[in-house]
Structure formats: structure tokens, C-alpha cells
file structure_30.cif (mmCIF, C-alpha atoms)
data_model
loop_
_atom_site.group_PDB
_atom_site.id
_atom_site.type_symbol
_atom_site.label_atom_id
_atom_site.label_comp_id
_atom_site.auth_asym_id
_atom_site.auth_seq_id
_atom_site.Cartn_x
_atom_site.Cartn_y
_atom_site.Cartn_z
ATOM 1 C CA MET A 30 -106.510 72.482 153.519
ATOM 2 C CA GLY A 31 -106.225 70.508 156.725
ATOM 3 C CA ASP A 32 -106.791 71.474 160.348
ATOM 4 C CA GLY A 33 -103.053 71.926 160.780
ATOM 5 C CA MET A 34 -103.095 74.739 158.255
ATOM 6 C CA ASN A 35 -106.032 76.441 159.992
ATOM 7 C CA GLU A 36 -103.980 76.698 163.176
ATOM 8 C CA MET A 37 -101.026 78.310 161.403
ATOM 9 C CA THR A 38 -100.092 81.869 162.338
ATOM 10 C CA ASP A 39 -100.320 84.623 159.722
ATOM 11 C CA GLU A 40 -96.531 84.780 159.681
ATOM 12 C CA ALA A 41 -96.228 81.057 158.884
ATOM 13 C CA ILE A 42 -98.911 81.312 156.182
ATOM 14 C CA ILE A 43 -97.145 84.277 154.588
ATOM 15 C CA LYS A 44 -93.859 82.376 154.615
ATOM 16 C CA ALA A 45 -95.545 79.390 152.942
ATOM 17 C CA THR A 46 -97.172 81.657 150.350
ATOM 18 C CA LEU A 47 -93.846 83.273 149.520
ATOM 19 C CA ALA A 48 -92.395 79.778 149.068
ATOM 20 C CA GLY A 49 -95.012 79.198 146.344
ATOM 21 C CA ASP A 50 -97.862 77.522 148.249
ATOM 22 C CA ASP A 51 -101.097 78.904 146.766
ATOM 23 C CA ASP A 52 -103.245 76.914 149.224
ATOM 24 C CA ALA A 53 -101.624 78.836 152.068
ATOM 25 C CA PHE A 54 -102.653 82.120 150.464
ATOM 26 C CA ALA A 55 -106.204 80.779 150.001
ATOM 27 C CA LEU A 56 -106.256 80.233 153.752
ATOM 28 C CA LEU A 57 -105.163 83.814 154.356
ATOM 29 C CA VAL A 58 -107.939 85.042 152.038
ATOM 30 C CA ALA A 59 -110.504 82.894 153.852
ATOM 31 C CA ARG A 60 -109.312 84.297 157.176
ATOM 32 C CA TYR A 61 -109.665 87.966 156.244
ATOM 33 C CA LYS A 62 -112.301 88.078 153.490
ATOM 34 C CA ARG A 63 -115.129 88.991 155.892
ATOM 35 C CA ARG A 64 -113.246 92.094 157.046
ATOM 36 C CA VAL A 65 -112.376 93.186 153.488
ATOM 37 C CA PHE A 66 -115.929 92.569 152.250
ATOM 38 C CA SER A 67 -117.613 94.490 155.064
ATOM 39 C CA LEU A 68 -115.346 97.547 154.644
ATOM 40 C CA SER A 69 -115.508 97.527 150.831
ATOM 41 C CA ALA A 70 -119.316 97.229 150.924
ATOM 42 C CA ARG A 71 -119.381 100.739 152.425
ATOM 43 C CA PHE A 72 -118.007 102.045 149.108
ATOM 44 C CA ALA A 73 -119.135 99.615 146.393
ATOM 45 C CA ARG A 74 -122.131 100.519 144.265
ATOM 46 C CA ASP A 75 -123.266 96.944 143.679
ATOM 47 C CA GLY A 76 -122.352 93.328 144.244
ATOM 48 C CA ASP A 77 -120.209 93.042 141.107
ATOM 49 C CA GLU A 78 -118.158 96.090 142.025
ATOM 50 C CA LEU A 79 -117.762 94.693 145.543
ATOM 51 C CA GLU A 80 -116.379 91.423 144.149
ATOM 52 C CA ASP A 81 -113.976 93.362 141.878
ATOM 53 C CA ILE A 82 -112.696 95.525 144.745
ATOM 54 C CA CYS A 83 -112.162 92.546 147.045
ATOM 55 C CA GLN A 84 -110.349 90.545 144.360
ATOM 56 C CA GLU A 85 -108.132 93.548 143.594
ATOM 57 C CA VAL A 86 -107.311 93.926 147.308
ATOM 58 C CA PHE A 87 -106.154 90.325 147.675
ATOM 59 C CA ILE A 88 -104.270 90.315 144.376
ATOM 60 C CA LYS A 89 -102.404 93.482 145.448
ATOM 61 C CA ALA A 90 -101.706 91.845 148.812
ATOM 62 C CA TYR A 91 -100.349 88.738 147.077
ATOM 63 C CA GLU A 92 -98.162 90.718 144.690
ATOM 64 C CA ASN A 93 -96.731 92.900 147.470
ATOM 65 C CA LEU A 94 -96.444 90.216 150.134
ATOM 66 C CA LYS A 95 -92.633 90.364 149.991
ATOM 67 C CA GLY A 96 -92.845 93.971 151.187
ATOM 68 C CA PHE A 97 -94.933 93.096 154.249
ATOM 69 C CA ARG A 98 -92.972 93.434 157.456
ATOM 70 C CA ASN A 99 -94.148 91.573 160.516
ATOM 71 C CA ASP A 100 -93.794 94.640 162.770
ATOM 72 C CA ALA A 101 -97.570 95.317 162.477
ATOM 73 C CA PRO A 102 -100.505 92.869 162.210
ATOM 74 C CA PHE A 103 -101.310 91.605 158.732
ATOM 75 C CA GLU A 104 -104.902 92.825 159.155
ATOM 76 C CA ASN A 105 -103.749 96.472 159.451
ATOM 77 C CA TRP A 106 -101.666 96.156 156.310
ATOM 78 C CA LEU A 107 -104.580 94.546 154.450
ATOM 79 C CA THR A 108 -107.025 97.224 155.682
ATOM 80 C CA ARG A 109 -104.686 99.901 154.318
ATOM 81 C CA ILE A 110 -104.688 98.172 150.912
ATOM 82 C CA THR A 111 -108.500 97.941 151.091
ATOM 83 C CA VAL A 112 -108.890 101.662 151.852
ATOM 84 C CA HIS A 113 -106.551 102.639 149.009
ATOM 85 C CA THR A 114 -108.336 100.317 146.565
ATOM 86 C CA CYS A 115 -111.767 101.686 147.554
ATOM 87 C CA TYR A 116 -110.460 105.252 147.202
ATOM 88 C CA ASP A 117 -109.126 104.462 143.688
ATOM 89 C CA THR A 118 -112.504 102.945 142.771
ATOM 90 C CA LEU A 119 -114.357 106.056 143.978
ATOM 91 C CA ARG A 120 -112.064 108.256 141.901
ATOM 92 C CA ARG A 121 -112.530 106.055 138.823
ATOM 93 C CA ASN A 122 -116.312 106.153 139.277
ATOM 94 C CA ARG A 123 -116.256 109.925 139.588
ATOM 95 C CA ARG A 124 -114.332 110.206 136.319
ATOM 96 C CA SER A 125 -116.808 107.942 134.560
ATOM 97 C CA LYS A 126 -119.663 110.112 135.909
ATOM 98 C CA ASN A 127 -121.718 107.021 136.504
ATOM 99 C CA HIS A 128 -123.732 107.679 139.643
ATOM 100 C CA THR A 129 -125.763 104.783 140.912
ATOM 101 C CA PRO A 130 -126.720 105.663 144.455
ATOM 102 C CA LEU A 131 -128.461 102.502 145.540
ATOM 103 C CA GLN A 132 -126.741 99.196 146.062
ATOM 104 C CA ASP A 133 -128.122 95.796 145.145
ATOM 105 C CA LEU A 134 -126.845 94.233 148.343
ATOM 106 C CA THR A 135 -129.174 93.159 151.108
ATOM 107 C CA TYR A 136 -128.540 94.599 154.530
ATOM 108 C CA GLU A 137 -128.855 93.020 157.931
ATOM 109 C CA VAL A 138 -130.059 95.289 160.716
ATOM 110 C CA LYS A 139 -128.800 94.529 164.203
ATOM 111 C CA ASP A 140 -131.883 95.950 165.955
ATOM 112 C CA THR A 141 -134.643 93.340 166.243
ATOM 113 C CA THR A 142 -137.812 95.461 166.404
ATOM 114 C CA LEU A 143 -139.566 95.926 163.077
ATOM 115 C CA GLU A 144 -139.898 99.702 163.433
ATOM 116 C CA ALA A 145 -136.234 100.175 164.317
ATOM 117 C CA ARG A 146 -135.230 97.931 161.447
ATOM 118 C CA GLN A 147 -137.277 99.976 158.964
ATOM 119 C CA GLU A 148 -135.892 103.243 160.362
ATOM 120 C CA ALA A 149 -132.298 102.013 160.152
ATOM 121 C CA ARG A 150 -132.788 100.873 156.584
ATOM 122 C CA GLU A 151 -134.242 104.235 155.549
ATOM 123 C CA ALA A 152 -131.431 106.087 157.319
ATOM 124 C CA HIS A 153 -128.891 103.924 155.586
ATOM 125 C CA GLU A 154 -130.446 104.588 152.178
ATOM 126 C CA LEU A 155 -130.572 108.324 152.797
ATOM 127 C CA LEU A 156 -126.979 108.407 153.980
ATOM 128 C CA THR A 157 -125.782 106.279 151.043
ATOM 129 C CA TRP A 158 -127.524 108.664 148.652
ATOM 130 C CA ALA A 159 -126.002 111.729 150.362
ATOM 131 C CA MET A 160 -122.520 110.229 150.598
ATOM 132 C CA ALA A 161 -122.519 109.392 146.887
ATOM 133 C CA LYS A 162 -122.448 113.161 146.326
ATOM 134 C CA LEU A 163 -119.241 113.682 148.322
ATOM 135 C CA SER A 164 -115.786 113.804 146.786
ATOM 136 C CA PRO A 165 -113.810 110.519 147.073
ATOM 137 C CA ASP A 166 -111.469 111.799 149.814
ATOM 138 C CA GLU A 167 -114.351 113.230 151.874
ATOM 139 C CA ARG A 168 -116.277 110.000 151.541
ATOM 140 C CA VAL A 169 -113.331 107.862 152.629
ATOM 141 C CA VAL A 170 -112.698 110.041 155.688
ATOM 142 C CA VAL A 171 -116.307 110.233 156.818
ATOM 143 C CA THR A 172 -116.861 106.496 156.298
ATOM 144 C CA LEU A 173 -113.822 105.537 158.320
ATOM 145 C CA LEU A 174 -114.481 108.066 161.091
ATOM 146 C CA GLU A 175 -118.248 107.837 161.474
ATOM 147 C CA LEU A 176 -119.217 104.386 160.217
ATOM 148 C CA GLU A 177 -116.107 102.355 161.003
ATOM 149 C CA GLU A 178 -115.507 104.408 164.177
ATOM 150 C CA LYS A 179 -111.786 104.836 163.597
ATOM 151 C CA SER A 180 -109.813 107.583 165.308
ATOM 152 C CA VAL A 181 -108.254 110.471 163.357
ATOM 153 C CA ARG A 182 -104.860 108.892 163.877
ATOM 154 C CA GLU A 183 -106.036 105.531 162.544
ATOM 155 C CA VAL A 184 -107.606 107.195 159.504
ATOM 156 C CA ALA A 185 -104.370 109.069 158.869
ATOM 157 C CA ASP A 186 -102.470 105.797 159.060
ATOM 158 C CA LEU A 187 -104.888 103.985 156.736
ATOM 159 C CA THR A 188 -105.043 106.723 154.115
ATOM 160 C CA SER A 189 -101.416 107.957 154.342
ATOM 161 C CA TRP A 190 -102.735 111.512 154.837
ATOM 162 C CA SER A 191 -101.622 113.719 157.726
ATOM 163 C CA GLU A 192 -103.854 114.007 160.804
ATOM 164 C CA GLY A 193 -104.451 117.691 160.013
ATOM 165 C CA ASN A 194 -105.506 116.785 156.515
ATOM 166 C CA VAL A 195 -107.917 114.150 157.820
ATOM 167 C CA ARG A 196 -109.485 116.699 160.220
ATOM 168 C CA VAL A 197 -109.922 119.263 157.447
ATOM 169 C CA ARG A 198 -111.468 116.681 155.112
ATOM 170 C CA ALA A 199 -113.779 115.404 157.857
ATOM 171 C CA HIS A 200 -114.948 118.950 158.602
ATOM 172 C CA ARG A 201 -115.542 119.623 154.912
ATOM 173 C CA ALA A 202 -117.383 116.310 154.484
ATOM 174 C CA ARG A 203 -119.667 116.969 157.417
ATOM 175 C CA LYS A 204 -120.453 120.450 156.131
ATOM 176 C CA ALA A 205 -121.206 119.071 152.664
ATOM 177 C CA LEU A 206 -123.434 116.324 154.064
ATOM 178 C CA LYS A 207 -125.380 118.842 156.137
ATOM 179 C CA ARG A 208 -125.932 120.995 153.072
ATOM 180 C CA ILE A 209 -127.064 117.998 150.999
ATOM 181 C CA LEU A 210 -129.491 116.903 153.731
ATOM 182 C CA GLU A 211 -130.866 120.415 154.130
ATOM 183 C CA GLU A 212 -131.406 120.730 150.384
ATOM 184 C CA SER A 213 -133.089 117.331 150.211
ATOM 185 C CA HIS A 214 -135.360 118.346 153.102
ATOM 186 C CA VAL A 215 -136.322 121.612 151.391
ATOM 187 C CA ARG A 216 -137.313 119.675 148.245
ATOM 188 C CA MET B 28 -121.887 125.368 165.987
ATOM 189 C CA TYR B 29 -123.893 122.219 166.709
ATOM 190 C CA ASP B 30 -127.437 122.470 165.285
ATOM 191 C CA ASN B 31 -130.418 120.322 164.302
ATOM 192 C CA THR B 32 -128.781 119.129 161.101
ATOM 193 C CA ASP B 33 -125.776 117.948 163.104
ATOM 194 C CA GLU B 34 -128.093 115.947 165.330
ATOM 195 C CA LYS B 35 -129.886 114.517 162.326
ATOM 196 C CA LEU B 36 -126.559 113.586 160.759
ATOM 197 C CA ASP B 37 -125.389 111.866 163.958
ATOM 198 C CA ARG B 38 -128.660 109.919 164.098
ATOM 199 C CA LEU B 39 -128.143 108.839 160.490
ATOM 200 C CA PHE B 40 -124.583 107.725 161.222
ATOM 201 C CA ALA B 41 -125.745 105.762 164.276
ATOM 202 C CA ALA B 42 -128.506 104.097 162.267
ATOM 203 C CA ALA B 43 -126.136 103.295 159.389
ATOM 204 C CA ARG B 44 -123.662 101.753 161.850
ATOM 205 C CA SER B 45 -126.362 99.343 163.005
ATOM 206 C CA VAL B 46 -126.838 98.155 159.419
ATOM 207 C CA SER B 47 -124.302 95.720 158.112
ATOM 208 C CA PRO B 48 -124.292 94.510 154.504
ATOM 209 C CA ASP B 49 -124.935 90.820 154.013
ATOM 210 C CA THR B 50 -122.074 89.780 151.768
ATOM 211 C CA SER B 51 -122.133 86.069 152.670
ATOM 212 C CA ALA B 52 -123.368 84.960 149.219
ATOM 213 C CA ARG B 53 -120.507 86.846 147.563
ATOM 214 C CA GLU B 54 -117.975 85.376 149.978
ATOM 215 C CA ASP B 55 -118.703 81.766 148.991
ATOM 216 C CA PHE B 56 -115.638 80.199 147.329
ATOM 217 C CA PHE B 57 -114.094 83.662 147.084
ATOM 218 C CA GLU B 58 -110.626 82.343 147.962
ATOM 219 C CA THR B 59 -110.868 79.808 145.089
ATOM 220 C CA ARG B 60 -111.676 82.602 142.640
ATOM 221 C CA VAL B 61 -108.831 84.792 143.912
ATOM 222 C CA VAL B 62 -106.247 82.005 143.671
ATOM 223 C CA ALA B 63 -107.505 81.123 140.161
ATOM 224 C CA ARG B 64 -107.045 84.753 139.085
ATOM 225 C CA ILE B 65 -103.565 84.885 140.607
ATOM 226 C CA ARG B 66 -102.560 81.731 138.675
ATOM 227 C CA GLU B 67 -104.017 83.176 135.478
ATOM 228 C CA ARG B 68 -102.030 86.413 135.922
ATOM 229 C CA ARG B 69 -98.862 84.472 136.722
ATOM 230 C CA GLU B 70 -99.187 82.412 133.528
ATOM 231 C CA SER B 71 -99.873 85.438 131.359
ATOM 232 C CA ARG B 72 -96.781 87.196 132.723
ATOM 233 C CA GLN B 73 -94.067 84.846 131.445
ATOM 234 C CA PRO B 74 -90.575 86.238 130.653
ATOM 235 C CA TRP B 75 -89.792 87.342 127.079
ATOM 236 C CA PHE B 76 -87.459 84.427 126.342
ATOM 237 C CA SER B 77 -90.220 81.910 127.053
ATOM 238 C CA TRP B 78 -92.039 82.981 123.891
ATOM 239 C CA ALA B 79 -88.998 84.103 121.806
ATOM 240 C CA TRP B 80 -88.525 80.552 120.437
ATOM 241 C CA ARG B 81 -91.822 81.008 118.608
ATOM 242 C CA LEU B 82 -90.022 83.490 116.321
ATOM 243 C CA ALA B 83 -87.545 80.781 115.153
ATOM 244 C CA PRO B 84 -89.593 79.746 112.030
ATOM 245 C CA VAL B 85 -89.732 83.416 110.972
ATOM 246 C CA PHE B 86 -85.933 83.651 111.121
ATOM 247 C CA VAL B 87 -85.535 80.350 109.209
ATOM 248 C CA VAL B 88 -87.843 81.611 106.424
ATOM 249 C CA ALA B 89 -85.970 84.941 106.306
ATOM 250 C CA VAL B 90 -82.605 83.144 105.915
ATOM 251 C CA ILE B 91 -83.971 80.900 103.122
ATOM 252 C CA VAL B 92 -85.488 83.858 101.228
ATOM 253 C CA LEU B 93 -82.322 85.979 101.491
ATOM 254 C CA GLY B 94 -80.077 83.044 100.527
ATOM 255 C CA SER B 95 -82.187 82.201 97.456
ATOM 256 C CA ALA B 96 -82.358 85.852 96.413
ATOM 257 C CA SER B 97 -78.579 86.305 96.567
ATOM 258 C CA LEU B 98 -77.999 83.075 94.568
ATOM 259 C CA LEU B 99 -80.479 84.126 91.872
ATOM 260 C CA LEU B 100 -79.033 87.632 91.553
ATOM 261 C CA ASP B 101 -75.382 86.460 91.393
ATOM 262 C CA ARG B 102 -75.731 83.888 88.568
ATOM 263 C CA ASP B 103 -73.207 85.764 86.328
ATOM 264 C CA GLY B 104 -69.850 84.000 86.955
ATOM 265 C CA SER B 105 -67.768 87.088 86.111
ATOM 266 C CA ALA B 106 -69.219 88.754 89.070
ATOM 267 C CA ASP B 107 -67.308 86.547 91.481
ATOM 268 C CA ILE B 108 -64.377 88.089 93.268
ATOM 269 C CA PHE B 109 -61.542 86.094 91.629
ATOM 270 C CA SER B 110 -62.568 86.915 88.052
ATOM 271 C CA ALA B 111 -62.999 90.548 89.042
ATOM 272 C CA ILE B 112 -59.387 90.641 90.325
ATOM 273 C CA ALA B 113 -58.057 88.804 87.224
ATOM 274 C CA ASN B 114 -59.951 91.097 84.819
ATOM 275 C CA GLY B 115 -58.690 94.127 86.665
ATOM 276 C CA HIS B 116 -55.067 92.816 86.432
ATOM 277 C CA ASP B 117 -55.301 92.205 82.622
ATOM 278 C CA GLU B 118 -56.659 95.647 82.076
ATOM 279 C CA TYR B 119 -53.857 97.120 84.154
ATOM 280 C CA GLN B 120 -51.218 95.267 82.022
ATOM 281 C CA VAL B 121 -52.764 96.530 78.712
ATOM 282 C CA VAL B 122 -52.822 100.106 79.962
ATOM 283 C CA ALA B 123 -49.178 99.826 81.123
ATOM 284 C CA TYR B 124 -48.061 98.414 77.715
ATOM 285 C CA LEU B 125 -49.855 101.173 75.780
ATOM 286 C CA GLU B 126 -48.305 103.865 77.935
ATOM 287 C CA GLY B 127 -44.884 102.348 77.341
ATOM 288 C CA GLU B 128 -44.087 101.424 80.903
#

call {"tool": "encode", "arguments": {"input": "structure_30.cif", "output": "C-alpha cells"}}
result
Amino acid sequence: MGDGMNEMTDEAIIKATLAGDDDAFALLVARYKRRVFSLSARFARDGDELEDICQEVFIKAYENLKGFRNDAPFENWLTRITVHTCYDTLRRNRRSKNHTPLQDLTYEVKDTTLEARQEAREAHELLTWAMAKLSPDERVVVTLLELEEKSVREVADLTSWSEGNVRVRAHRARKALKRILEESHVR
Amino acid sequence: MYDNTDEKLDRLFAAARSVSPDTSAREDFFETRVVARIRERRESRQPWFSWAWRLAPVFVVAVIVLGSASLLLDRDGSADIFSAIANGHDEYQVVAYLEGE
């Protein structure tokens, strides 16, 4: 892939991909993989599951590329696919009853002081453990609203649920998380 | 109502936001793996007529077996259609003579 390809717009890359150029699609993957990985890592249980989710996202994107309309940015469309794929994975995991709360990924903490770093890591572990107990729809809503800092409208757009539905699920998720934290504190 | 648990939860969310997973090792050559998987899927999803020719030997064998079987079973010459018509005609003439027609 040359420099010329790196300067191509998403629209031009998509056109090239649809014409059968696999290298063009590889460029699109390289451009957006960081975004897909960081969002999927909020839901994946381990590194292997993360890889599977991300591959599934890009394969779905490739197979449905003809249906992509340029009226919205490609990133939004891809984020929607990512959210739906993560939601499907959560539902599959729930059916298999295989709960593995801790992830094998390493985490970078933005805060530089050692104490703050330790605190953030512990908070993250506690929250990951508590969120693993939520239902898939509650977990998706709370992750997008609280961790990804999306608005209710954006969450509704990403999940294809109504804004009212998102609010109800967010309320329920928060209530459930509070109960889980209280119970864990009592123990 | 906003209580202590709400505050605790907000603190947890804020702390979790400041933690970002390091996925860089997983991202290496990811695009190569995705494109390889796409090619693999494309090749495994060929149209039905691209593999139908593989059934040709089966049809050839079936034709040979059926042909041989019909030849072996029809060895008796009287069973062919012309002798059947001729025999039927002779019989008809004998019956007509005996009945005085």
C-alpha cells in the first residue's frame, strides 16, 4: 500500500473495495481498527474473544459494504456494527453461562501518579466484575453512556433502540449496579 | 434519590474511563488476518455449478451400469418388439380361423 492510498478518502477506498481491491479494504481496516478494538475491549472477556469480535465486525462491514450510504461517516456505521456484534457476543456468553469476570488484557492508566494508577485499576476491576452481572442490554447501555460518554440519542442510534428504551435500560442498569456494589460491600 | 452508592458508582465510572485497554499487540497485522479470512470465506462460498462437474463421473458410472443391466436382462430375442408384434399377429390369425371368421 503506497502513500497515495493512505491519502484516499473513505469514499474512494470503499469504491475501490467494491471494485474488488482487497488492499483497499485492508487500508480501511488499518484506519479504524484502533476504534473498534478499544470499544470491543469494554465487552470482551479476553484477548481471543476481542480478536474474534473485531474480525467479525470487519467481515460484516465488508459483506454489507454495498449497503453503506455516504450520507453519514463510515466510522458511525462501523461503530453501529461493533455495538451490535458486542451485544450478540454478550447474549451468546449469557446462554453459555460461562462467566469469566477478569480479562487477560493489560490496561494503560492515563493518570501518572502511582497511587492514582493503582486506584483506577482497582476501580476498573470492580466495575468489570459488577458489569459482568448485568443483562446484555443493560451492559451495552451503561458502557456506552458512562464509559464511552455517548448521549442518549447517540446510544439510541447505535443500538437501534428508542430513546425512551435507552433511558429505562440505563435506569435499570444503574439500579442493578448499585445493588451489586452494596451486596459486595456487605460481604 | 442520589445517595452514597450513586457517588461511589460515579467515582468508579470516572476511574474506569481513565483506564484504556492496551490492545496494540492484538492490532499488529490485524488487517492482514481480516483480509485472509475474507478471501477464505469467498473461496468457500463458490456457486453450485462450480462443483457440479465433480458429479460427472457418478453419472457416467450410473449410465454404464444401467445400460449393462438392460442388455443382460433382455438377452431373449423374442422379447424384442418386432417379434412380439409378429407373434401376436399369428395368434390372432389362428383364433380367427378357428372361430370361422

call {"tool": "closest_atom_pairs", "arguments": {"input": "structure_30.cif", "of": "chain A", "to": "chain B", "cutoff": "8 Å", "atoms": "only C-alpha atoms", "output": "tab-separated table"}}
result
residue	atom	partner	partner_atom	distance
A:Asp51	CA	B:Val62	CA	6.8
A:Phe54	CA	B:Val62	CA	7.7
A:Ala55	CA	B:Glu58	CA	5.1
A:Leu56	CA	B:Glu58	CA	7.6
A:Val58	CA	B:Glu58	CA	5.6
A:Ala59	CA	B:Glu58	CA	5.9
A:Lys62	CA	B:Glu54	CA	7.2
A:Arg63	CA	B:Glu54	CA	7.5
A:Phe66	CA	B:Thr50	CA	6.8
A:Ser67	CA	B:Pro48	CA	6.7
A:Ala70	CA	B:Pro48	CA	6.7
A:Gly76	CA	B:Arg53	CA	7.5
A:Glu80	CA	B:Arg53	CA	7.0
A:Gln84	CA	B:Val61	CA	6.0
A:Phe87	CA	B:Val61	CA	7.2
A:Ile88	CA	B:Ile65	CA	6.6
A:Leu134	CA	B:Pro48	CA	6.7
A:Thr135	CA	B:Asp49	CA	5.6
A:Tyr136	CA	B:Pro48	CA	4.2
A:Glu137	CA	B:Ser47	CA	5.3
A:Val138	CA	B:Val46	CA	4.5
A:Lys139	CA	B:Ser45	CA	5.5
A:Asp140	CA	B:Ser45	CA	7.1
A:Glu148	CA	B:Ala42	CA	7.7
A:Ala149	CA	B:Ala42	CA	4.8
A:Arg150	CA	B:Val46	CA	7.1
A:Ala152	CA	B:Leu39	CA	5.3
A:His153	CA	B:Ala43	CA	4.7
A:Leu156	CA	B:Leu39	CA	6.6
A:Glu175	CA	B:Phe40	CA	6.3
A:Leu176	CA	B:Arg44	CA	5.4
A:Glu177	CA	B:Arg44	CA	7.6
A:Leu206	CA	B:Leu36	CA	7.9
A:Lys207	CA	B:Thr32	CA	6.0
A:Leu210	CA	B:Thr32	CA	7.7
A:Glu211	CA	B:Thr32	CA	7.4

call {"tool": "axis_aligned_box", "arguments": {"input": "structure_30.cif", "around": "region 29-44 of chain B", "padding_each_side": "4 Å", "output": "lines of an AutoDock Vina configuration file"}}
result
center_x = -127.0
center_y = 112.1
center_z = 163.0
size_x = 14.8
size_y = 28.7
size_z = 15.3

call {"tool": "residues_around", "arguments": {"input": "structure_30.cif", "residues": "Asp186 (chain A)", "least_positions_apart": "5", "cutoff": "10 Å", "atoms": "all atoms listed in the file", "output": "ChimeraX atom specification"}}
result
/A:105,109,180-181,191-192

call {"tool": "atom_distance", "arguments": {"input": "structure_30.cif", "atom1": "CA of Phe103 (chain A)", "atom2": "CA of Val86 (chain A)"}}
result
13.1 Å

call {"tool": "residues_near_point", "arguments": {"input": "structure_30.cif", "point": "(-130.9, 112.1, 149.3)", "cutoff": "9 Å", "atoms": "all atoms listed in the file", "output": "list in words"}}
result
Glu154, Leu155, Leu156, Thr157, Trp158, Ala159, Met160, Ile209, Leu210, Glu212, Ser213 and His214 of chain A

call {"tool": "atom_distance", "arguments": {"input": "structure_30.cif", "atom1": "CA of Ser95 (chain B)", "atom2": "CA of Leu82 (chain B)"}}
result
20.5 Å

call {"tool": "closest_residue", "arguments": {"input": "structure_30.cif", "among": "A:Tyr91, A:Trp190, A:Phe72, A:Phe97", "to": "Leu57 (chain A)", "atoms": "all atoms listed in the file"}}
result
A:Tyr91

call {"tool": "atom_distance", "arguments": {"input": "structure_30.cif", "atom1": "CA of Lys95 (chain A)", "atom2": "CA of Thr111 (chain A)"}}
result
17.6 Å
